[in-house]
$ cat work29.cif   # mmCIF, C-alpha atoms
data_final
loop_
_atom_site.label_atom_id
_atom_site.label_comp_id
_atom_site.auth_asym_id
_atom_site.auth_seq_id
_atom_site.Cartn_x
_atom_site.Cartn_y
_atom_site.Cartn_z
CA GLY A 1 3.85 -4.57 -3.23
CA GLN A 2 1.47 -6.76 -5.15
CA GLN A 3 3.19 -8.97 -7.70
CA VAL A 4 1.19 -11.15 -10.05
CA MET A 5 2.90 -13.19 -12.70
CA GLN A 6 1.01 -14.71 -15.61
CA ILE A 7 2.58 -17.61 -17.44
CA PRO A 8 3.30 -18.64 -20.07
CA GLN A 9 3.58 -15.52 -22.20
CA TYR A 10 2.82 -17.46 -25.39
CA GLN A 11 1.37 -20.88 -26.12
CA HIS A 12 1.03 -22.46 -29.53
CA VAL A 13 -0.99 -25.67 -29.72
CA GLN A 14 -2.36 -28.04 -32.29
CA GLU A 15 -6.13 -27.98 -32.51
CA GLY A 16 -7.50 -30.54 -30.10
CA GLU A 17 -4.69 -30.17 -27.57
CA ASP A 18 -5.27 -28.75 -24.11
CA PHE A 19 -4.12 -25.33 -22.93
CA THR A 20 -3.50 -23.86 -19.48
CA THR A 21 -2.53 -20.39 -18.31
CA TYR A 22 -1.60 -19.50 -14.73
CA CYS A 23 -1.65 -16.39 -12.58
CA ASN A 24 0.50 -16.48 -9.47
CA SER A 25 0.45 -13.79 -6.80
CA SER A 26 2.92 -13.01 -4.03
CA THR A 27 0.04 -12.02 -1.75
CA THR A 28 -3.53 -13.13 -1.13
CA LEU A 29 -6.11 -11.92 -3.65
CA SER A 30 -9.65 -10.97 -2.69
CA ASN A 31 -10.94 -12.19 -6.05
CA ILE A 32 -9.71 -12.81 -9.55
CA GLN A 33 -11.31 -12.34 -12.94
CA TRP A 34 -10.43 -13.80 -16.32
CA TYR A 35 -10.83 -12.02 -19.65
CA LYS A 36 -10.31 -13.03 -23.27
CA GLN A 37 -9.16 -10.59 -25.93
CA ARG A 38 -9.39 -11.68 -29.55
CA PRO A 39 -6.84 -10.23 -31.99
CA GLY A 40 -7.93 -6.68 -32.76
CA GLY A 41 -10.68 -6.81 -30.16
CA HIS A 42 -11.31 -5.67 -26.62
CA PRO A 43 -11.16 -7.73 -23.40
CA VAL A 44 -14.32 -9.71 -22.74
CA PHE A 45 -15.20 -10.94 -19.27
CA LEU A 46 -15.18 -14.71 -18.82
CA ILE A 47 -15.50 -15.48 -15.11
CA GLN A 48 -14.89 -14.26 -11.58
CA LEU A 49 -13.56 -16.42 -8.74
CA VAL A 50 -13.99 -15.36 -5.14
CA LYS A 51 -13.83 -18.35 -2.82
CA SER A 52 -10.77 -20.30 -1.74
CA GLY A 53 -10.45 -23.49 -3.80
CA GLU A 54 -13.26 -22.46 -6.12
CA VAL A 55 -13.63 -24.30 -9.43
CA LYS A 56 -15.95 -23.11 -12.19
CA LYS A 57 -16.59 -24.58 -15.62
CA GLN A 58 -17.85 -23.07 -18.85
CA LYS A 59 -18.13 -25.78 -21.51
CA ARG A 60 -14.49 -26.61 -22.34
CA LEU A 61 -13.06 -23.97 -19.97
CA THR A 62 -12.21 -24.75 -16.34
CA PHE A 63 -11.22 -22.01 -13.90
CA GLN A 64 -9.60 -22.61 -10.53
CA PHE A 65 -8.74 -20.41 -7.56
CA GLY A 66 -6.11 -21.79 -5.23
CA GLU A 67 -6.74 -22.69 -1.62
CA ALA A 68 -4.51 -19.85 -0.46
CA LYS A 69 -6.11 -17.46 -2.99
CA LYS A 70 -2.67 -16.69 -4.37
CA ASN A 71 -2.94 -18.45 -7.70
CA SER A 72 -5.47 -19.19 -10.37
CA SER A 73 -5.60 -21.11 -13.60
CA LEU A 74 -7.63 -21.29 -16.78
CA HIS A 75 -7.65 -24.62 -18.58
CA ILE A 76 -9.12 -25.22 -22.04
CA THR A 77 -9.81 -28.81 -23.04
CA ALA A 78 -9.49 -29.77 -26.70
CA THR A 79 -8.72 -26.33 -28.11
CA GLN A 80 -10.47 -25.05 -31.20
CA THR A 81 -9.44 -22.30 -33.61
CA THR A 82 -12.08 -20.08 -32.03
CA ASP A 83 -10.08 -20.14 -28.77
CA VAL A 84 -7.35 -18.00 -30.36
CA GLY A 85 -6.64 -14.84 -28.42
CA THR A 86 -4.95 -13.48 -25.33
CA TYR A 87 -6.19 -14.53 -21.91
CA PHE A 88 -5.74 -12.11 -19.02
CA CYS A 89 -6.22 -12.48 -15.31
CA SER A 90 -7.37 -9.37 -13.48
CA TYR A 91 -7.52 -8.56 -9.80
CA ASN A 92 -8.38 -5.70 -7.51
CA ASN A 93 -6.17 -5.09 -4.51
CA ASN A 94 -6.68 -1.37 -3.90
CA ASP A 95 -6.50 -0.76 -7.66
CA MET A 96 -7.34 -2.68 -10.82
CA ARG A 97 -4.53 -4.69 -12.34
CA PHE A 98 -4.25 -7.02 -15.31
CA GLY A 99 -1.69 -9.73 -15.83
CA ALA A 100 0.58 -9.55 -18.86
CA GLY A 101 -1.59 -12.12 -20.62
CA THR A 102 -1.03 -15.46 -22.33
CA ARG A 103 -1.34 -15.35 -26.08
CA LEU A 104 -2.81 -18.56 -27.47
CA THR A 105 -2.48 -19.58 -31.09
CA VAL A 106 -4.09 -22.73 -32.45
CA LYS A 107 -2.93 -24.58 -35.52
CA PRO A 108 -5.78 -26.25 -37.41
CA GLU B 1 -19.89 -4.19 -31.28
CA ALA B 2 -19.21 -3.19 -27.68
CA GLU B 3 -21.98 -1.79 -25.47
CA VAL B 4 -19.54 0.80 -24.13
CA ALA B 5 -19.15 3.47 -26.81
CA GLN B 6 -15.80 5.06 -27.53
CA SER B 7 -14.72 7.57 -30.12
CA PRO B 8 -12.79 8.03 -32.22
CA ARG B 9 -11.76 4.47 -33.14
CA TYR B 10 -8.47 5.71 -34.54
CA LYS B 11 -6.48 8.88 -34.00
CA ILE B 12 -3.27 9.91 -35.69
CA THR B 13 -1.62 13.08 -34.55
CA GLU B 14 1.77 14.68 -34.28
CA LYS B 15 3.74 14.92 -31.08
CA SER B 16 3.14 18.05 -29.03
CA GLN B 17 -0.48 18.20 -30.18
CA ALA B 18 -3.50 17.78 -27.95
CA VAL B 19 -5.73 14.72 -28.26
CA ALA B 20 -9.00 13.78 -26.61
CA PHE B 21 -10.92 10.53 -26.28
CA TRP B 22 -14.56 10.09 -25.37
CA CYS B 23 -16.36 7.25 -23.62
CA ASP B 24 -20.03 6.59 -22.97
CA PRO B 25 -20.46 3.71 -20.51
CA ILE B 26 -23.36 1.31 -20.25
CA SER B 27 -26.40 3.14 -18.94
CA GLY B 28 -26.57 3.03 -15.16
CA HIS B 29 -22.99 1.92 -14.63
CA ALA B 30 -21.52 3.94 -11.78
CA THR B 31 -17.89 2.96 -12.25
CA LEU B 32 -15.85 3.97 -15.28
CA TYR B 33 -12.26 3.04 -16.03
CA TRP B 34 -9.71 4.33 -18.52
CA TYR B 35 -6.92 1.94 -19.47
CA ARG B 36 -3.89 2.18 -21.73
CA GLN B 37 -2.85 -0.99 -23.52
CA ILE B 38 0.49 -1.17 -25.27
CA LEU B 39 0.70 -3.83 -27.96
CA GLY B 40 1.52 -7.21 -26.45
CA GLN B 41 0.80 -6.12 -22.88
CA GLY B 42 -2.13 -6.15 -20.51
CA PRO B 43 -4.33 -3.10 -19.91
CA GLU B 44 -2.85 -0.59 -17.46
CA LEU B 45 -5.28 1.39 -15.35
CA LEU B 46 -4.98 5.15 -15.80
CA VAL B 47 -8.00 6.42 -13.88
CA GLN B 48 -11.11 5.08 -12.18
CA PHE B 49 -14.29 7.08 -11.56
CA GLN B 50 -17.10 6.30 -9.17
CA ASP B 51 -19.93 8.45 -10.52
CA GLU B 52 -18.30 11.86 -11.06
CA SER B 53 -15.50 11.38 -8.52
CA VAL B 54 -12.00 10.12 -9.19
CA VAL B 55 -11.35 7.00 -7.09
CA ASP B 56 -7.89 6.16 -8.38
CA ASP B 57 -5.58 8.15 -10.64
CA SER B 58 -2.30 7.01 -9.15
CA GLN B 59 -1.04 5.75 -12.53
CA LEU B 60 -2.17 8.78 -14.52
CA PRO B 61 0.72 10.96 -15.76
CA LYS B 62 -0.83 14.14 -14.48
CA ASP B 63 1.64 16.46 -16.13
CA ARG B 64 0.08 15.70 -19.51
CA PHE B 65 -3.02 13.56 -18.95
CA SER B 66 -6.36 14.67 -17.57
CA ALA B 67 -9.73 12.97 -17.24
CA GLU B 68 -13.17 14.14 -16.29
CA ARG B 69 -16.66 12.75 -15.83
CA LEU B 70 -18.53 15.90 -14.97
CA LYS B 71 -22.08 14.54 -14.79
CA GLY B 72 -21.15 11.04 -13.78
CA VAL B 73 -22.11 9.59 -17.15
CA ASP B 74 -19.78 9.97 -20.13
CA SER B 75 -16.10 10.76 -19.76
CA THR B 76 -13.24 12.43 -21.60
CA LEU B 77 -9.54 11.60 -21.43
CA LYS B 78 -7.13 14.21 -22.72
CA ILE B 79 -3.43 14.24 -23.48
CA GLN B 80 -1.58 17.51 -23.92
CA PRO B 81 1.05 17.56 -25.24
CA ALA B 82 1.18 14.11 -26.81
CA GLU B 83 4.50 12.28 -26.89
CA LEU B 84 5.72 9.43 -29.11
CA GLY B 85 5.49 7.02 -26.18
CA ASP B 86 1.76 7.67 -25.86
CA SER B 87 1.04 5.55 -28.93
CA ALA B 88 -1.21 2.77 -27.65
CA MET B 89 -4.78 1.55 -27.44
CA TYR B 90 -6.89 3.51 -24.96
CA LEU B 91 -9.70 1.40 -23.54
CA CYS B 92 -12.70 2.50 -21.55
CA ALA B 93 -14.61 0.08 -19.34
CA SER B 94 -17.59 0.31 -17.03
CA SER B 95 -19.19 -1.74 -14.29
CA PRO B 96 -22.32 -1.29 -12.17
CA THR B 97 -20.18 -0.98 -9.04
CA PRO B 98 -16.45 -1.26 -8.41
CA THR B 99 -15.05 -4.62 -9.51
CA GLY B 100 -13.88 -5.28 -5.97
CA GLU B 101 -17.56 -5.82 -5.26
CA ASN B 102 -17.75 -8.73 -7.68
CA GLN B 103 -18.79 -7.00 -10.85
CA PRO B 104 -17.31 -7.68 -14.30
CA GLN B 105 -15.99 -4.85 -16.43
CA HIS B 106 -17.47 -4.21 -19.86
CA PHE B 107 -14.99 -2.77 -22.34
CA GLY B 108 -15.42 -0.52 -25.33
CA ASP B 109 -13.68 -1.12 -28.66
CA GLY B 110 -10.98 1.39 -27.73
CA THR B 111 -9.23 4.25 -29.48
CA ARG B 112 -5.98 3.39 -31.20
CA LEU B 113 -3.66 6.37 -30.93
CA SER B 114 -0.63 6.82 -33.16
CA ILE B 115 1.76 9.68 -32.52
CA LEU B 116 3.96 10.73 -35.43
#

$ encode --input "work29.cif" --output "structure tokens"
Amino acid sequence: GQQVMQIPQYQHVQEGEDFTTYCNSSTTLSNIQWYKQRPGGHPVFLIQLVKSGEVKKQKRLTFQFGEAKKNSSLHITATQTTDVGTYFCSYNNNDMRFGAGTRLTVKP
Amino acid sequence: EAEVAQSPRYKITEKSQAVAFWCDPISGHATLYWYRQILGQGPELLVQFQDESVVDDSQLPKDRFSAERLKGVDSTLKIQPAELGDSAMYLCASSPTPTGENQPQHFGDGTRLSIL
């Protein structure tokens, strides 16, 4: 069945450092979404990727969808304390699934 | 504050009791989802509605959980009887159409359930 791994589970960075989280699937995904959940908050939609090799940018955030549509990444350049939270990938292959999430902490 | 309304925000109850959660999605959103999120984990889909019909409830523990969306608008999720392992955040989300058709999900603030 569908297996999607999200890594790393935790990432602690110094403010200003870069951060990347990855979602890797054993099978091809039709699309992938990324969400951010602040501590004590609810998931908030960031972006959706649909096309093979797609790259989208939102200010300091860069999202990629692999050529084979089996992996995706979220990269944050020069992290800020406001980036703190857990980042989830989400996908729909017959039913909605979320990755386990990568929890980002940023030291000022 | 989330556009998807959920109540209550917090619920503390004893095991074996019944508990109910309510969700009012964004107006006009046809698809409604109920998720359970255990601390430190990603949301786990319990049930998905398209209008008033259940589209997916494969992960819903049907011996104790039930969900309805009678008029295709707001929805109720019930647990009876509650067990200690049910302690979690219960999130409701909605989208205009199923997310497989390229629509983001909008989440409510959730109901944090604690079973004593």

$ residues_around --input "work29.cif" --residues "Ile32 in chain A" --least-positions-apart "2" --cutoff "12 Å" --atoms "only C-alpha atoms" --output "PyMOL selection string"
(chain A and resi 4+22-25+28-30+34-35+45-52+54+63-66+69-74+88-93+96-99) or (chain B and resi 99-104)

$ residues_around --input "work29.cif" --residues "range 25-35 of chain B" --least-positions-apart "6" --cutoff "6 Å" --atoms "only C-alpha atoms" --output "ChimeraX atom specification"
/B:4,43-51,90-98

$ residues_around --input "work29.cif" --residues "range 61-76 of chain B" --least-positions-apart "4" --cutoff "6 Å" --atoms "all atoms listed in the file" --output "PDB file with C-alpha atoms, keeping the file's coordinate frame"
ATOM      1  CA  PHE B  21     -10.920  10.530 -26.280  1.00  0.00           C
ATOM      2  CA  TRP B  22     -14.560  10.090 -25.370  1.00  0.00           C
ATOM      3  CA  CYS B  23     -16.360   7.250 -23.620  1.00  0.00           C
ATOM      4  CA  ASP B  24     -20.030   6.590 -22.970  1.00  0.00           C
ATOM      5  CA  ASP B  51     -19.930   8.450 -10.520  1.00  0.00           C
ATOM      6  CA  GLU B  52     -18.300  11.860 -11.060  1.00  0.00           C
ATOM      7  CA  GLN B  80      -1.580  17.510 -23.920  1.00  0.00           C
TER       8      GLN B  80
END

$ atom_distance --input "work29.cif" --atom1 "CA of Lys15 in chain B" --atom2 "CA of Leu113 in chain B"
11.3 Å

$ atom_distance --input "work29.cif" --atom1 "CA of Thr105 in chain A" --atom2 "CA of Val44 in chain A"
17.5 Å

$ closest_residue --input "work29.cif" --among "B:Glu83, B:Arg36, B:Gln105, B:Ala88" --to "Gln59 in chain B" --atoms "all atoms listed in the file"
B:Arg36

$ atom_distance --input "work29.cif" --atom1 "CA of Ala100 in chain A" --atom2 "CA of Val54 in chain B"
25.3 Å

$ closest_residue --input "work29.cif" --among "A:Lys107, A:His12, A:Lys36, A:His42" --to "chain B" --atoms "only C-alpha atoms"
A:His42
